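Novice: The structure that follows is given in the form of structure tokens.
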Amino acid sequence: MQVVGLDIGYSNLKLAFGRAGTKPELRVLPAMAAPVEHVAVQLDGTSRVSPTGIPVQVDGQKWIAGVRPTRVSGWSRALHASYADSD
């Protein structure tokens, strides 16, 4: 059986996963996500995905999740009571 532990915080996403009864693999990713057009390209212009970024879709729009805030421009995370319900 596979086991997954997930802690989604404002600054980091923490994951622990693996087979039950074994030492889990641990990962910590930045909790930042932004529309792909706001994520910086590499110097050669070939990719918007950072080494830790994960491409996802939100309501049909391409986003990058798990990206460092320093790789994002023209986009900021909202701080409000409905934050958990926002994109």
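In the structure tokens, each chain is lettered A, B, ... as it comes, each chain's residues begin at 1, and ligands are numbered from 1 in order of appearance.
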Near Leu6 in chain A, counting only C-alpha atoms, which residues have an atom at most 7 Å away, once you skip same-chain residues fewer than 2 positions from it, shown as a PyMOL selection string?
Specialist: chain A and resi 4+8+14-16
Novice: Would you write out those residues with all heavy atoms, as a short mmCIF file (atom, residue, chain, number, x, y, z; two decimals), in the first residue's frame?
Specialist:
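File written: out.cif
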```
data_model
loop_
_atom_site.label_atom_id
_atom_site.label_comp_id
_atom_site.auth_asym_id
_atom_site.auth_seq_id
_atom_site.Cartn_x
_atom_site.Cartn_y
_atom_site.Cartn_z
N VAL A 4 0.73 8.57 1.62
CA VAL A 4 1.11 9.93 1.28
C VAL A 4 0.72 10.86 2.43
O VAL A 4 -0.40 10.79 2.92
CB VAL A 4 0.42 10.42 -0.01
CG1 VAL A 4 0.76 11.88 -0.30
CG2 VAL A 4 0.79 9.55 -1.18
N ILE A 8 0.14 21.50 2.96
CA ILE A 8 0.16 22.64 2.06
C ILE A 8 0.14 23.90 2.90
O ILE A 8 -0.87 24.26 3.47
CB ILE A 8 -1.05 22.62 1.10
CG1 ILE A 8 -1.09 21.31 0.32
CG2 ILE A 8 -0.98 23.83 0.15
CD1 ILE A 8 -2.34 21.11 -0.50
N LYS A 14 4.95 20.42 1.70
CA LYS A 14 5.76 19.33 2.22
C LYS A 14 5.08 18.00 1.90
O LYS A 14 3.88 17.84 2.15
CB LYS A 14 5.93 19.45 3.74
CG LYS A 14 6.94 20.50 4.17
CD LYS A 14 6.45 21.89 4.29
CE LYS A 14 5.36 22.17 5.27
NZ LYS A 14 4.86 23.53 5.25
N LEU A 15 5.85 17.05 1.36
CA LEU A 15 5.34 15.74 0.98
C LEU A 15 6.16 14.65 1.65
O LEU A 15 7.39 14.75 1.72
CB LEU A 15 5.46 15.52 -0.53
CG LEU A 15 4.70 16.44 -1.45
CD1 LEU A 15 5.29 16.35 -2.86
CD2 LEU A 15 3.26 16.04 -1.47
N ALA A 16 5.49 13.63 2.11
CA ALA A 16 6.14 12.41 2.58
C ALA A 16 5.37 11.27 1.92
O ALA A 16 4.15 11.20 2.02
CB ALA A 16 6.07 12.30 4.10
#
```
Novice: If you run DSSP over the backbone, which residues in chain A end up strand (DSSP E or B)? Put them as number ranges by chain.
Specialist: A: 2-8, 12-19, 25-30, 32-35, 39, 54-58, 61-67, 72
Novice: So that I can see what lies close to Pro24 in chain A, please list as JSON, numbers by chain the residues with an atom at most 10 Å from it, counting only C-alpha atoms and leaving out residues fewer than 2 positions away in the same chain.
Specialist: {"A": [2, 3, 4, 5, 15, 16, 17, 18, 19, 20, 21, 22, 26, 27]}
Novice: Between CA of Ala33 in chain A and CA of Tyr83 in chain A, what is the distance, to one decimal in Å?
Specialist: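 Taking CA of Ala33 in chain A and CA of Tyr83 in chain A, their separation equals 13.1 Å.
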Novice: Pick out the closest residue to Val58 in chain A from this set: A:Ala40, A:Ser86, A:Leu79, A:Arg71. Count only C-alpha atoms.
Specialist: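 Of A:Ala40, A:Ser86, A:Leu79, A:Arg71, the one nearest Val58 in chain A is A:Ser86, counting only C-alpha atoms.
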Novice: Quick one: distance from CA of Glu25 in chain A to CA of Gly66 in chain A in Å, one decimal?
Specialist: 17.1 Å
Novice: With only C-alpha atoms as the atoms that count, which of A:Tyr10, A:Val39, A:Val28, A:Gln57 lies nearest to Thr70 in chain A?
Specialist: A:Val39
Novice: What is the distance between CA of Trp75 in chain A and CA of Gly60 in chain A, in Å to one decimal?
Specialist: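 Straight-line distance from CA of Trp75 in chain A to CA of Gly60 in chain A works out to 18.4 Å.
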Novice: Out of A:Ala65, A:Met1, A:Pro55, A:Arg77, which residue has the shortest atom-to-atom distance to Leu29 in chain A when counting only C-alpha atoms?
Specialist: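 Once distances to Leu29 in chain A are computed over only C-alpha atoms, the minimum belongs to A:Ala65.
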